[in-house]
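First up is the structure itself, then whatever we jot down about it.
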Amino acid sequence: MRQDLWLLAALYIGGAVNAAVESNYTEAILSSGTIKLGDWQDAYDKATAFVNSLSTSDKLSIITGGTVNNVTINKLDSSSNPINYYFVTAWPAPLSIAMTWDKDFIIEQGQALGAEFKGKGVNVGYGPTVQPLGRSPWGKRGAETYGPDSYFSGIMSGGLVEGMNKAGCISGAKHFILNEHETNRQGSSGASPSCQQHYFDFSSSEAYSVSIDDKAFHETYLAPFYDTIKAGVGAVMCSMNRINGTYGCENQETLSKHLKAKLGFIGFVSPDAGGQKTGIGSATAGLDYGSSTYWSNTTLGAGISNGSFTEARLNDMVIRNLMGYFKHSQDESYPSHAGYTDNVDVRANHASLARKYAQNSIALLKNTNKTLPLTKSQKVISIFGTHAAPRVVGPNTALTVQSGVASTMDGHMSQIGGSAMSSATYLITPFQAFNERAHKDGFMLKWWLNNTIVSSSGGMVISDGAGTEISETTTGIAENSDACIVFINAWSGEGGDRDELANAGQDTLVNTVADTCNNTIVVVNTVDPRLLAQWDSHENVTAILYGGPLGQESGYAINDALFGDVNPSGNLVHTIAKNESDYDANVQICEDLQLNFTEGNFIDYKYFDQQNKTPAYAFGFGMSYTTFSYGTYLSISSAASNLTNEYASGSLAVGGREDLWDIVATASSAITNTGSLAGAEVAQLYVEFPAAAEEPVRQLRGFAKVDLQPGETKTAAFELRRRDLSVWDTGAQEWKVERGQYISASLTV
């Protein structure tokens, strides 16, 4: 049972306005001293000394991927594993890791991921994917990110960076910035504007351009990058799209002013495929790594000679390329770069970790009369759908980028498509896991590994090999079953946007089985919001498990949750609407080359709150096989001394102004496991800002996953940073804590 506990405690912030607000920025060159380098100072000193020994040709080689004095910076996608490499772990997709709501897991997974990149001799692993944030449920890259809440995305992205750093691997965040869908991200198809699925092509040089108000730009889209930079990200990939008419990799406003000067990013900026358009223009704007087609002695070298480019900027580019290399001591016995098919096995014990993360990411959305977990009283179990079984060819999919991908996968969907896909050495499917459990536990297992409905009047004819033909039907498999589990999926990836949020064939399969079987359980694996209203209220649909792409251990993780080997503890990181029309029509995918993000900060649950719309399943929702209760009040203590100034005024450092990270308040609440099973509860803190701040009704500002034994009570604590209570003042061009009452609430699921 979900409860909203509002108006439990309030924090009042008062004081005078700080009139001295800095509105200018210094050129984003590290040697300018604009940014306090902190624990990056030693890396800067080493990089500077190295660069001072180089010729111009050597410098140009470094920034275009060459080798100088045995130094090469190898770069590779993705946040799911070293893409296309053999003998690596196929982790659950970032969407699935996000659904654990576990800060320790994301750091742990980042460290294991970084260790695999390092083991393969890859210096930079391009993860996390901070954006697309998930402005639109029709976007097709949601599964490689951490969901549409900017606070949550920042915490999880920063955690992955922290973990990769621990392994000694440079992390690379992408895509900076406002790259929220694929259609026309690099070129126009030339068709008239329409809100339907279309794939970009490369025949036109024009990509879509985004315009957005300054407040939403900072509070929703720029905000998660603060966390990744503060955590120590060493690379940032700029996006293919345009921003106010200027390409993301040629945009001095976003790259030099915001990313480097305001946020204090000290690593290098590299382009997404095709993102670099010019030579001197891109270098001046803030690109640090690029193509020798654009950067050579005849371009940048000549620019230094004729005064159109500066040696100081060239040196800065090289230093930035080397900052992570020296910070993580990659100059000291880093493994040699292995070819992608080389027999270098870097997996260690990571299979058990991958299974643990997958288990803990699955959300229980419905469980009528405690249908789940399944018990030994279910003697006959039937499973349905192609999603339960392997694909015809596998275990991996093709790296599909330009042509787009299908809406569903014909076979078990355990990963996403495109540059954030994982490379699996093997794949455990639900069919395999059920077969193994049937062998062990002795129940009767039946299967219909097809999404096609076959009726009794036209059964599927099967030969028994002895001349006898047997007619079998979909409902025939469901009949006389104690439990029927239907497996469905939604698939997508880089290259095109979604043309459906539900699938008629799969939904018909669910309803057909449910019409026959009074204990129908549905397992959904998806890449972004997947509508369930086509069947979730069917009286015979007794339980729903919902998750993202679960990686190589997918079948085991699902089976573990169904049979109660683990207690589901995943929670949604996006809102599932009752109907497709409940989502904001403004965020549908269109072919316009000029896109105006007029919804501002109001995406996902913030939009539903604003419009007073009731979702089918809310952001943050997830049930358990046990029950939890919260204390009657939320305790809040404030550190008033850290709120003397209304505006942030600390020195610029890695991660922005230093005082943005001051702890200004702490909230806590007691949680008790009132059931009979061990379980984990995700406590979530939401804050309502003063009306003068002009913010969404509520915003997530803290979360904690708490493991509890039956009868056990623990305290969930949430530290609020200055930036968590700040809004962007468009006039002052600074972060501001609005004076007034901040209402805090915890959400119990």
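Chains: A, B, ... in order of the structure tokens. Residues: from 1 per chain. Ligands: from 1, in order shown.
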
- Could you pull out the residues in region 354-588 of chain A that DSSP calls strand (DSSP E) from the backbone, as a VMD selection string? chain A and resid 363 to 367 380 to 384 444 to 448 460 to 463 469 to 472 483 to 489 520 to 525 541 to 547

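Between Gly620 (chain A) and the residues A:Phe563, A:Phe703, A:Trp661, A:Tyr247, the shortest atom-to-atom distance, using only C-alpha atoms, involves A:Phe703.
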
- Message: Applying 8 Å and only C-alpha atoms, which residues near Val706 (chain A) remain after dropping the ones on its own chain fewer than 3 positions away? List them as a list in words.
- Response: Ala680, Glu681, Val682, Ala683, Lys714 and Ala716 of chain A

Using C-alpha atoms, can you write the selected residues to a file as an mmCIF file, in the first residue's frame?
```cif
data_model
loop_
_atom_site.group_PDB
_atom_site.id
_atom_site.type_symbol
_atom_site.label_atom_id
_atom_site.label_comp_id
_atom_site.auth_asym_id
_atom_site.auth_seq_id
_atom_site.Cartn_x
_atom_site.Cartn_y
_atom_site.Cartn_z
ATOM 1 C CA ALA A 680 14.545 -3.861 1.428
ATOM 2 C CA GLU A 681 12.608 -0.598 1.402
ATOM 3 C CA VAL A 682 13.506 2.404 -0.735
ATOM 4 C CA ALA A 683 12.831 5.491 1.356
ATOM 5 C CA LYS A 714 16.360 1.289 11.113
ATOM 6 C CA ALA A 716 16.895 6.339 6.901
#
```

Check which residues of region 133-251 of chain A sit at most 10 Å from region 547-551 of chain A using only C-alpha atoms, and return one row each with the closest pair of atoms and their distance in Å to one decimal, ordered by chain and rising number, as a tab-separated table.
```
residue	atom	partner	partner_atom	distance
A:Gly142	CA	A:Gly548	CA	9.9
A:Ala143	CA	A:Gly548	CA	7.0
A:Glu144	CA	A:Pro549	CA	9.6
```

For the selection just defined, write its residues with N, CA and C atoms to a file, as a tab-separated table (two decimals), in the first residue's frame.
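Wrote out07.tsv, looks like this:
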```
chain	number	residue	atom	x	y	z
A	142	GLY	N	16.47	5.48	-23.42
A	142	GLY	CA	16.24	5.57	-21.99
A	142	GLY	C	16.91	4.49	-21.19
A	143	ALA	N	17.09	3.31	-21.77
A	143	ALA	CA	17.64	2.19	-21.01
A	143	ALA	C	19.12	2.34	-20.72
A	144	GLU	N	19.81	3.24	-21.43
A	144	GLU	CA	21.23	3.43	-21.14
A	144	GLU	C	21.47	4.58	-20.17
```

Per-residue nearest contacts region 679-712 of chain A to region 725-737 of chain A, cut-off 10 Å, using only C-alpha atoms, as JSON lines:
```
{"residue": "A:Val687", "atom": "CA", "partner": "A:Leu725", "partner_atom": "CA", "distance": 8.4}
{"residue": "A:Glu688", "atom": "CA", "partner": "A:Leu725", "partner_atom": "CA", "distance": 9.6}
{"residue": "A:Phe689", "atom": "CA", "partner": "A:Leu725", "partner_atom": "CA", "distance": 7.7}
{"residue": "A:Pro690", "atom": "CA", "partner": "A:Val737", "partner_atom": "CA", "distance": 9.9}
{"residue": "A:Ala693", "atom": "CA", "partner": "A:Val727", "partner_atom": "CA", "distance": 6.8}
{"residue": "A:Glu694", "atom": "CA", "partner": "A:Val727", "partner_atom": "CA", "distance": 8.9}
{"residue": "A:Glu695", "atom": "CA", "partner": "A:Val727", "partner_atom": "CA", "distance": 8.2}
{"residue": "A:Arg701", "atom": "CA", "partner": "A:Leu725", "partner_atom": "CA", "distance": 8.5}
```

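When CA of Ser554 (chain A) is paired with CA of Pro373 (chain A), their separation reads 17.6 Å.
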
- Excluding region 526-536 of chain A and any residue of its chain fewer than 4 positions from it, enumerate the residues within 7 Å of it, using only C-alpha atoms, and give them as a PyMOL selection string. chain A and resi 137+142-143+489-492+501-502+507+511+541+547-549+574-578

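The coordinates place CA of Arg721 (chain A) at 4.3 Å from CA of Ile663 (chain A).
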
- Might you pull out every residue within 9 Å of region 228-234 of chain A, with only C-alpha atoms counted and same-chain residues fewer than 2 positions away left off, and present them as a count of residues only? 38

- Message: So that I can see what lies close to Val346 (chain A), please list as a list in words the residues with an atom at most 9 Å from it, counting only C-alpha atoms and leaving out residues fewer than 6 positions away in the same chain.
- Response: Phe87, Val88, Thr89, Ala115, Glu116, Phe117, Lys118, Gly119 and Lys120 of chain A

Write the selection just made, keeping all heavy atoms, as a PDB file, in the first residue's frame?
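Output below, filename again_2.pdb:
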```pdb
ATOM      1  N   PHE A  87      34.796 -12.063 -23.602  1.00  0.00           N
ATOM      2  CA  PHE A  87      35.157 -12.409 -22.226  1.00  0.00           C
ATOM      3  C   PHE A  87      35.034 -11.222 -21.272  1.00  0.00           C
ATOM      4  O   PHE A  87      35.925 -10.941 -20.469  1.00  0.00           O
ATOM      5  CB  PHE A  87      36.563 -13.024 -22.181  1.00  0.00           C
ATOM      6  CG  PHE A  87      36.743 -14.154 -23.155  1.00  0.00           C
ATOM      7  CD1 PHE A  87      37.571 -14.020 -24.264  1.00  0.00           C
ATOM      8  CD2 PHE A  87      36.039 -15.346 -22.992  1.00  0.00           C
ATOM      9  CE1 PHE A  87      37.715 -15.054 -25.186  1.00  0.00           C
ATOM     10  CE2 PHE A  87      36.176 -16.386 -23.911  1.00  0.00           C
ATOM     11  CZ  PHE A  87      37.011 -16.241 -25.004  1.00  0.00           C
ATOM     12  N   VAL A  88      33.909 -10.520 -21.394  1.00  0.00           N
ATOM     13  CA  VAL A  88      33.564  -9.449 -20.465  1.00  0.00           C
ATOM     14  C   VAL A  88      32.156  -9.718 -19.929  1.00  0.00           C
ATOM     15  O   VAL A  88      31.422 -10.544 -20.464  1.00  0.00           O
ATOM     16  CB  VAL A  88      33.625  -8.063 -21.149  1.00  0.00           C
ATOM     17  CG1 VAL A  88      35.048  -7.711 -21.534  1.00  0.00           C
ATOM     18  CG2 VAL A  88      32.705  -8.013 -22.369  1.00  0.00           C
ATOM     19  N   THR A  89      31.788  -9.039 -18.868  1.00  0.00           N
ATOM     20  CA  THR A  89      30.491  -9.249 -18.224  1.00  0.00           C
ATOM     21  C   THR A  89      29.415  -8.403 -18.898  1.00  0.00           C
ATOM     22  O   THR A  89      29.605  -7.199 -19.102  1.00  0.00           O
ATOM     23  CB  THR A  89      30.572  -8.877 -16.735  1.00  0.00           C
ATOM     24  OG1 THR A  89      31.606  -9.640 -16.122  1.00  0.00           O
ATOM     25  CG2 THR A  89      29.244  -9.148 -16.032  1.00  0.00           C
ATOM     26  N   ALA A 115      37.222  -2.053 -13.817  1.00  0.00           N
ATOM     27  CA  ALA A 115      38.256  -3.085 -13.772  1.00  0.00           C
ATOM     28  C   ALA A 115      38.312  -3.871 -15.077  1.00  0.00           C
ATOM     29  O   ALA A 115      39.402  -4.278 -15.523  1.00  0.00           O
ATOM     30  CB  ALA A 115      37.998  -4.029 -12.597  1.00  0.00           C
ATOM     31  N   GLU A 116      37.152  -4.066 -15.720  1.00  0.00           N
ATOM     32  CA  GLU A 116      37.143  -4.792 -16.988  1.00  0.00           C
ATOM     33  C   GLU A 116      37.726  -3.943 -18.113  1.00  0.00           C
ATOM     34  O   GLU A 116      38.458  -4.449 -18.972  1.00  0.00           O
ATOM     35  CB  GLU A 116      35.727  -5.272 -17.309  1.00  0.00           C
ATOM     36  CG  GLU A 116      35.210  -6.285 -16.293  1.00  0.00           C
ATOM     37  CD  GLU A 116      34.041  -7.116 -16.800  1.00  0.00           C
ATOM     38  OE1 GLU A 116      33.669  -6.982 -17.985  1.00  0.00           O
ATOM     39  OE2 GLU A 116      33.514  -7.911 -15.993  1.00  0.00           O
ATOM     40  N   PHE A 117      37.408  -2.655 -18.127  1.00  0.00           N
ATOM     41  CA  PHE A 117      38.045  -1.769 -19.109  1.00  0.00           C
ATOM     42  C   PHE A 117      39.563  -1.766 -18.907  1.00  0.00           C
ATOM     43  O   PHE A 117      40.333  -1.871 -19.862  1.00  0.00           O
ATOM     44  CB  PHE A 117      37.497  -0.343 -18.976  1.00  0.00           C
ATOM     45  CG  PHE A 117      36.239  -0.088 -19.744  1.00  0.00           C
ATOM     46  CD1 PHE A 117      35.019   0.054 -19.100  1.00  0.00           C
ATOM     47  CD2 PHE A 117      36.265   0.032 -21.124  1.00  0.00           C
ATOM     48  CE1 PHE A 117      33.853   0.294 -19.809  1.00  0.00           C
ATOM     49  CE2 PHE A 117      35.107   0.277 -21.844  1.00  0.00           C
ATOM     50  CZ  PHE A 117      33.901   0.408 -21.186  1.00  0.00           C
ATOM     51  N   LYS A 118      39.974  -1.629 -17.656  1.00  0.00           N
ATOM     52  CA  LYS A 118      41.409  -1.611 -17.360  1.00  0.00           C
ATOM     53  C   LYS A 118      42.058  -2.930 -17.762  1.00  0.00           C
ATOM     54  O   LYS A 118      43.155  -2.948 -18.344  1.00  0.00           O
ATOM     55  CB  LYS A 118      41.644  -1.335 -15.878  1.00  0.00           C
ATOM     56  CG  LYS A 118      43.110  -1.256 -15.493  1.00  0.00           C
ATOM     57  CD  LYS A 118      43.299  -0.875 -14.035  1.00  0.00           C
ATOM     58  CE  LYS A 118      44.779  -0.788 -13.678  1.00  0.00           C
ATOM     59  NZ  LYS A 118      44.983  -0.379 -12.267  1.00  0.00           N
ATOM     60  N   GLY A 119      41.397  -4.045 -17.445  1.00  0.00           N
ATOM     61  CA  GLY A 119      41.948  -5.350 -17.803  1.00  0.00           C
ATOM     62  C   GLY A 119      42.161  -5.521 -19.290  1.00  0.00           C
ATOM     63  O   GLY A 119      43.050  -6.261 -19.722  1.00  0.00           O
ATOM     64  N   LYS A 120      41.344  -4.832 -20.082  1.00  0.00           N
ATOM     65  CA  LYS A 120      41.488  -4.878 -21.539  1.00  0.00           C
ATOM     66  C   LYS A 120      42.441  -3.794 -22.056  1.00  0.00           C
ATOM     67  O   LYS A 120      42.639  -3.672 -23.267  1.00  0.00           O
ATOM     68  CB  LYS A 120      40.124  -4.702 -22.207  1.00  0.00           C
ATOM     69  CG  LYS A 120      39.163  -5.877 -21.985  1.00  0.00           C
ATOM     70  CD  LYS A 120      39.616  -7.139 -22.687  1.00  0.00           C
ATOM     71  CE  LYS A 120      38.554  -8.223 -22.630  1.00  0.00           C
ATOM     72  NZ  LYS A 120      38.994  -9.466 -23.328  1.00  0.00           N
TER      73      LYS A 120
END
```

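Across the model, the gap from CA of Asp39 (chain A) to CA of Glu250 (chain A) is 29.4 Å.
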
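Of the residues under consideration (A:Asn525, A:Asn244, A:Asn540, A:Ser581), A:Asn244 shows the shortest atom-to-atom contact distance to Ile212 (chain A) when counting only C-alpha atoms.
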
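Considering only C-alpha atoms, the residue among A:Val566, A:Met317, A:Leu364, A:Ile603 positioned nearest to Val522 (chain A) is A:Leu364.
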
- Query: Quick one: DSSP helix (DSSP H, G or I) residues in region 68-164 of chain A, as a VMD selection string?
  - Reply: chain A and resid 94 to 99 103 to 119 142 to 144 150 to 164
